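Asks: Handing over query05.txt, compact mmCIF, C-alpha atoms.
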```txt
# COMPACT_ATOMS: atom_id res chain seq x y z
CA MET A 184 -13.03 8.56 10.96
CA ASP A 185 -10.94 5.57 11.82
CA TRP A 186 -7.85 4.81 9.75
CA ARG A 187 -4.81 2.81 10.75
CA LEU A 188 -1.81 0.77 9.73
CA THR A 189 -1.41 -2.13 12.07
CA SER A 190 0.51 -5.34 12.52
CA ARG A 191 -2.42 -6.86 14.43
CA PRO A 192 -5.17 -9.02 12.88
CA LEU A 193 -8.12 -7.16 11.39
CA SER A 194 -11.67 -8.00 12.43
CA ILE A 195 -14.59 -7.55 10.05
CA ALA A 196 -16.95 -7.67 13.04
CA ALA A 197 -15.02 -4.87 14.73
CA ALA A 198 -15.23 -2.79 11.57
CA ALA A 199 -18.99 -3.32 11.38
CA ARG A 200 -19.32 -2.23 15.00
CA ALA A 201 -17.27 0.89 14.34
CA LEU A 202 -19.73 1.81 11.59
CA GLU A 203 -22.82 1.65 13.78
CA GLY A 204 -24.68 4.83 14.55
CA PRO A 205 -28.16 6.32 14.74
CA GLY A 206 -29.63 7.04 11.35
CA LEU A 207 -26.89 5.19 9.47
CA GLY A 208 -29.11 3.02 7.31
CA GLY A 209 -26.50 2.10 4.71
CA VAL A 210 -23.40 0.30 5.90
CA VAL A 211 -20.86 -1.26 3.51
CA VAL A 212 -17.77 -3.15 4.65
CA PHE A 213 -15.23 -4.33 2.10
CA ALA A 214 -12.61 -6.80 3.34
CA GLY A 215 -9.69 -8.04 1.27
CA ARG A 216 -8.10 -11.38 2.11
CA VAL A 217 -4.78 -12.78 0.96
CA ARG A 218 -5.41 -15.29 -1.83
CA PRO A 219 -3.45 -18.57 -2.14
CA ASP A 220 -2.64 -17.80 -5.77
CA ARG A 221 -0.27 -19.86 -7.88
CA GLU A 222 2.86 -17.90 -8.54
CA ALA A 223 6.31 -18.75 -9.88
CA GLY A 224 5.91 -22.48 -9.50
CA GLY A 225 4.36 -22.42 -6.07
CA ILE A 226 1.53 -21.25 -3.89
CA VAL A 227 1.32 -17.92 -2.09
CA VAL A 228 1.26 -18.72 1.61
CA ALA A 229 1.56 -15.14 2.88
CA LEU A 230 2.14 -11.57 1.82
CA ASP A 231 4.71 -9.33 3.48
CA TYR A 232 3.45 -5.74 3.57
CA GLU A 233 5.70 -2.74 4.12
CA SER A 234 4.85 0.93 4.19
CA ASP A 235 6.37 4.37 4.36
CA ARG A 236 4.42 5.03 7.50
CA ALA A 237 4.46 8.82 7.64
CA THR A 238 3.26 9.36 4.09
CA ALA A 239 0.92 6.38 4.19
CA GLU A 240 -0.85 7.53 7.36
CA ARG A 241 -1.24 11.05 6.08
CA ARG A 242 -2.78 9.77 2.86
CA LEU A 243 -5.14 7.40 4.71
CA ALA A 244 -6.41 10.37 6.72
CA GLU A 245 -6.90 12.42 3.54
CA ILE A 246 -8.82 9.62 1.84
CA ALA A 247 -11.08 9.12 4.84
CA ALA A 248 -11.77 12.86 5.03
CA THR A 249 -12.59 12.99 1.34
CA ALA A 250 -15.02 10.07 1.65
CA ARG A 251 -16.76 11.90 4.42
CA ARG A 252 -17.00 15.15 2.47
CA ARG A 253 -17.77 13.77 -0.98
CA PHE A 254 -20.21 10.99 -0.07
CA GLY A 255 -21.53 12.17 3.24
CA ALA A 256 -20.09 9.16 5.04
CA GLU A 257 -20.67 9.81 8.72
CA ARG A 258 -18.42 6.92 9.75
CA VAL A 259 -15.44 5.51 7.91
CA VAL A 260 -13.01 2.71 8.61
CA LEU A 261 -9.85 2.32 6.55
CA TRP A 262 -7.52 -0.26 8.02
CA HIS A 263 -4.51 -1.99 6.48
CA ARG A 264 -2.15 -4.60 7.82
CA VAL A 265 1.64 -4.29 7.70
CA GLY A 266 4.08 -7.13 8.25
CA THR A 267 3.33 -10.72 7.34
CA VAL A 268 -0.28 -11.69 6.57
CA ALA A 269 -1.03 -15.37 6.01
CA SER A 270 -3.07 -16.61 3.10
CA GLY A 271 -6.75 -16.44 4.03
CA ASP A 272 -6.31 -13.62 6.53
CA VAL A 273 -7.73 -10.14 6.10
CA SER A 274 -5.18 -7.59 4.88
CA VAL A 275 -7.44 -4.58 4.36
CA ILE A 276 -10.85 -3.28 5.42
CA ALA A 277 -12.59 -0.29 3.88
CA GLY A 278 -16.03 0.57 5.22
CA ALA A 279 -18.48 3.44 5.19
CA ALA A 280 -21.76 4.23 6.88
CA CYS A 281 -24.19 6.68 5.33
CA GLY A 282 -27.89 7.38 5.50
CA HIS A 283 -28.58 5.28 2.42
CA ARG A 284 -26.96 2.43 0.50
CA ASP A 285 -26.03 4.20 -2.72
CA ARG A 286 -23.69 6.60 -1.00
CA ALA A 287 -22.33 3.90 1.30
CA PHE A 288 -21.41 1.69 -1.66
CA ALA A 289 -19.84 4.64 -3.48
CA ALA A 290 -17.88 5.70 -0.43
CA ALA A 291 -16.53 2.21 0.29
CA ARG A 292 -15.56 1.80 -3.36
CA TYR A 293 -13.75 5.11 -3.30
CA LEU A 294 -11.91 4.18 -0.10
CA ILE A 295 -10.49 0.90 -1.34
CA GLU A 296 -9.66 2.09 -4.86
CA GLU A 297 -7.95 5.22 -3.62
CA LEU A 298 -6.02 3.27 -0.98
CA LYS A 299 -4.69 0.87 -3.60
CA ARG A 300 -3.81 3.69 -5.97
CA SER A 301 -2.23 6.22 -3.67
CA VAL A 302 -1.13 4.88 -0.28
CA ALA A 303 2.54 4.02 0.21
CA ILE A 304 2.13 0.31 0.87
CA TRP A 305 3.91 -2.51 -0.94
CA LYS A 306 3.60 -6.26 -0.77
CA ARG A 307 5.82 -9.20 -1.53
CA ALA A 308 4.59 -12.76 -1.76
CA GLN A 309 5.97 -15.64 0.24
CA VAL A 310 5.72 -18.58 -2.13
CA ARG A 311 5.90 -22.21 -1.09
CA PRO A 312 7.03 -24.51 -3.89
CA GLY A 313 4.49 -27.06 -5.03
CA ARG A 314 0.94 -27.31 -6.20
CA ARG A 315 -2.24 -26.22 -4.53
CA PRO A 316 -4.08 -29.25 -3.15
CA ARG A 317 -6.59 -30.46 -5.72
CA ARG A 318 -10.24 -30.90 -4.96
CA PRO A 319 -11.46 -34.48 -5.16
CA PRO A 320 -12.72 -35.24 -8.69
CA ALA A 321 -16.44 -34.66 -9.19
CA ARG A 322 -18.51 -37.83 -9.48
CA ARG A 323 -19.71 -38.41 -12.99
CA ALA A 324 -23.40 -38.78 -13.64
CA GLY A 325 -22.76 -41.16 -16.52
CA ARG A 326 -22.98 -44.91 -16.88
CA SER A 327 -22.61 -45.69 -13.22
CA ALA A 328 -25.61 -43.55 -12.33
CA GLY A 329 -28.10 -45.35 -14.53
CA MET B 135 32.46 24.23 -1.32
CA ASP B 136 31.25 22.44 1.81
CA SER B 137 29.61 19.12 1.27
CA ALA B 138 27.33 17.00 3.34
CA SER B 139 24.83 14.32 2.50
CA ILE B 140 21.20 13.45 2.13
CA ARG B 141 19.66 10.21 3.26
CA VAL B 142 17.74 8.25 0.62
CA ARG B 143 15.19 5.67 1.74
CA LEU B 144 14.38 2.91 -0.75
CA TYR B 145 11.27 0.76 -0.68
CA ALA B 146 10.16 -2.50 -2.27
CA THR B 147 11.66 -3.00 -5.75
CA ALA B 148 13.92 0.03 -5.29
CA ARG B 149 15.46 -1.55 -2.19
CA GLU B 150 15.84 -4.87 -3.98
CA ALA B 151 17.62 -3.19 -6.91
CA VAL B 152 20.15 -1.56 -4.60
CA GLY B 153 20.40 -4.20 -1.91
CA ARG B 154 19.96 -1.69 0.89
CA ALA B 155 17.07 0.21 2.44
CA VAL B 156 19.02 3.42 3.01
CA VAL B 157 21.88 5.08 1.14
CA GLU B 158 23.66 8.36 1.75
CA LEU B 159 24.40 10.68 -1.15
CA PRO B 160 26.96 13.47 -0.76
CA VAL B 161 25.65 16.85 -1.90
CA PRO B 162 27.07 20.39 -1.75
CA SER B 163 25.90 22.64 1.05
CA THR B 164 23.68 24.49 -1.42
CA GLY B 165 21.85 21.27 -2.22
CA VAL B 166 20.92 19.77 -5.57
CA THR B 167 17.69 19.39 -7.48
CA ALA B 168 15.59 16.28 -7.05
CA ARG B 169 16.29 15.57 -10.71
CA GLU B 170 20.01 15.46 -9.89
CA VAL B 171 19.38 13.10 -6.97
CA VAL B 172 17.48 10.74 -9.28
CA ARG B 173 20.23 10.94 -11.90
CA ARG B 174 22.93 10.12 -9.35
CA LEU B 175 20.97 7.17 -8.04
CA ALA B 176 20.53 5.79 -11.55
CA ASP B 177 24.23 6.26 -12.30
CA ALA B 178 25.31 4.55 -9.11
CA TRP B 179 22.86 1.63 -9.42
CA PRO B 180 21.92 0.96 -13.06
CA ALA B 181 19.44 -1.73 -11.97
CA LEU B 182 17.55 1.01 -10.16
CA ALA B 183 17.04 3.13 -13.30
CA PRO B 184 13.85 1.43 -14.57
CA VAL B 185 12.37 1.52 -11.09
CA LEU B 186 13.08 5.24 -10.80
CA ARG B 187 11.23 5.91 -14.06
CA ALA B 188 8.04 4.51 -12.52
CA SER B 189 8.48 5.94 -9.02
CA ARG B 190 7.15 8.84 -7.00
CA PHE B 191 9.54 10.84 -4.84
CA VAL B 192 9.19 12.17 -1.33
CA ARG B 193 11.23 14.81 0.47
CA ASN B 194 10.89 15.05 4.23
CA ASP B 195 7.65 13.02 4.15
CA ARG B 196 6.03 15.22 1.48
CA TYR B 197 5.45 14.19 -2.12
CA LEU B 198 7.42 16.11 -4.69
CA THR B 199 5.35 17.64 -7.42
CA ALA B 200 8.35 18.78 -9.46
CA LEU B 201 11.89 17.51 -9.88
CA SER B 202 13.17 21.07 -9.86
CA VAL B 203 12.77 21.17 -6.07
CA ARG B 204 16.07 21.45 -4.21
CA VAL B 205 17.17 18.78 -1.79
CA ARG B 206 19.56 20.06 0.85
CA PRO B 207 21.97 18.44 3.30
CA GLY B 208 20.07 16.85 6.13
CA ASP B 209 16.96 16.28 4.02
CA GLU B 210 15.49 12.84 3.68
CA PHE B 211 14.55 11.69 0.21
CA ALA B 212 12.44 8.60 -0.46
CA VAL B 213 11.86 6.52 -3.58
CA HIS B 214 8.33 5.09 -3.86
CA PRO B 215 7.87 2.47 -6.57
CA PRO B 216 4.27 1.83 -7.69
CA TYR B 217 2.08 0.96 -4.73
CA GLY B 218 0.64 -2.45 -4.01
CA GLY B 219 -1.65 -2.23 -1.03
CA GLY B 220 -4.81 -4.26 -0.64
```
Let me see the file written as structure tokens.
Replies:
Amino acid sequence: MDWRLTSRPLSIAAAARALEGPGLGGVVVFAGRVRPDREAGGIVVALDYESDRATAERRLAEIAATARRRFGAERVVLWHRVGTVASGDVSVIAGAACGHRDRAFAAARYLIEELKRSVAIWKRAQVRPGRRPRRPPARRAGRSAG
Amino acid sequence: MDSASIRVRLYATAREAVGRAVVELPVPSTGVTAREVVRRLADAWPALAPVLRASRFVRNDRYLTALSVRVRPGDEFAVHPPYGGG
């Protein structure tokens, strides 16, 4: 079981590698990225994450152990960033490796939902005033096309 | 009666309501209940009251399951507003 709170960037490839193992035919990796949402008249450019580290780490360990026991996950990763995470970067990874896909999906789902519900982590958005850049307008297939 | 204090750690919206991450609350040497700690915090910082109603509480890094638990001098008490990981 591999759980951590870290201020360093998270790698989806590293999570997938940590979930490799003989006989582990079902591997699911969920990664959450910071979205550039519109908020309060601006765009979210980053999220600042804080935690109560002692209680958060204990709960991460409990969640990982439960995923192993309940779903038979032989390998688990449950990683979360703390500090400032820029929009587009990965803030959380929850992954599980089991013999088959059904259990791996269930385990990964349990990991991320339980983390969000019960781990002492909070976030605050850094908002840059202004609008999100618009996409160029789509070309119309009307009069000019015929 | 001797008195001492407990340290209260405040996170996220609780910290913003108070303007500080840590406050000290004087308590008698026999301690007080967690319910009394919460009441004193709400009295001292009215803006904190609605946050407290939605929060979980931690004593010495362990979640409290009842507000009847006593908090004694030297203990650390933490206010956890609703979580927002992910």
Asks: Of the residues B:Asp177, B:Thr164, B:Arg196, B:Val142, which is the one nearest to Ala212 of chain B, using all atoms listed in the file?
Replies: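 Under the stated criterion, the closest residue is B:Val142.
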Asks: For the interface of chain A with chain B (cut-off 7 Å, counting all atoms listed in the file), please tabulate each contacting residue of chain A alongside its nearest pair of atoms and their separation in Å to one decimal, rows sorted by chain and increasing number, as a Markdown table.
Replies:
```
| residue | atom | partner | partner_atom | distance |
| --- | --- | --- | --- | --- |
| A:Gly215 | CA | B:Gly220 | CA | 6.5 |
| A:Ala237 | CA | B:Asp195 | CA | 6.3 |
| A:Thr238 | CA | B:Asp195 | CA | 5.7 |
| A:Ser274 | CA | B:Gly220 | CA | 6.5 |
| A:Val275 | CA | B:Gly220 | CA | 5.7 |
| A:Lys299 | CA | B:Gly219 | CA | 5.0 |
| A:Arg300 | CA | B:Tyr217 | CA | 6.6 |
| A:Ser301 | CA | B:Tyr217 | CA | 6.9 |
| A:Val302 | CA | B:Tyr217 | CA | 6.7 |
| A:Ala303 | CA | B:Tyr217 | CA | 5.8 |
| A:Ile304 | CA | B:Gly219 | CA | 4.9 |
| A:Trp305 | CA | B:Gly218 | CA | 4.5 |
| A:Lys306 | CA | B:Gly218 | CA | 5.8 |
```
Asks: Would you be able to write out as a ChimeraX atom specification which residues have an atom within 9 Å of (23.5, 21.7, 0.2) in the file's coordinates, counting only C-alpha atoms?
Replies: /B:136-140,160-166,204-208
Asks: Keeping C-alpha atoms for every residue in the selection just given, could you write it to a file as a short mmCIF file (atom, residue, chain, number, x, y, z; two decimals), keeping the file's coordinate frame?
Replies:
```
data_model
loop_
_atom_site.label_atom_id
_atom_site.label_comp_id
_atom_site.auth_asym_id
_atom_site.auth_seq_id
_atom_site.Cartn_x
_atom_site.Cartn_y
_atom_site.Cartn_z
CA ASP B 136 31.25 22.44 1.81
CA SER B 137 29.61 19.12 1.27
CA ALA B 138 27.33 17.00 3.34
CA SER B 139 24.83 14.32 2.50
CA ILE B 140 21.20 13.45 2.13
CA PRO B 160 26.96 13.47 -0.76
CA VAL B 161 25.65 16.85 -1.90
CA PRO B 162 27.07 20.39 -1.75
CA SER B 163 25.90 22.64 1.05
CA THR B 164 23.68 24.49 -1.42
CA GLY B 165 21.85 21.27 -2.22
CA VAL B 166 20.92 19.77 -5.57
CA ARG B 204 16.07 21.45 -4.21
CA VAL B 205 17.17 18.78 -1.79
CA ARG B 206 19.56 20.06 0.85
CA PRO B 207 21.97 18.44 3.30
CA GLY B 208 20.07 16.85 6.13
#
```
Asks: Tell me, as a list in words, which residues lie within 6 Å of Val259 of chain A, counting all atoms listed in the file; anything in the same chain fewer than 4 positions away does not count.
Replies: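 Within the cut-off, the hits are Met184, Asp185, Gly278 and Ala279 of chain A.
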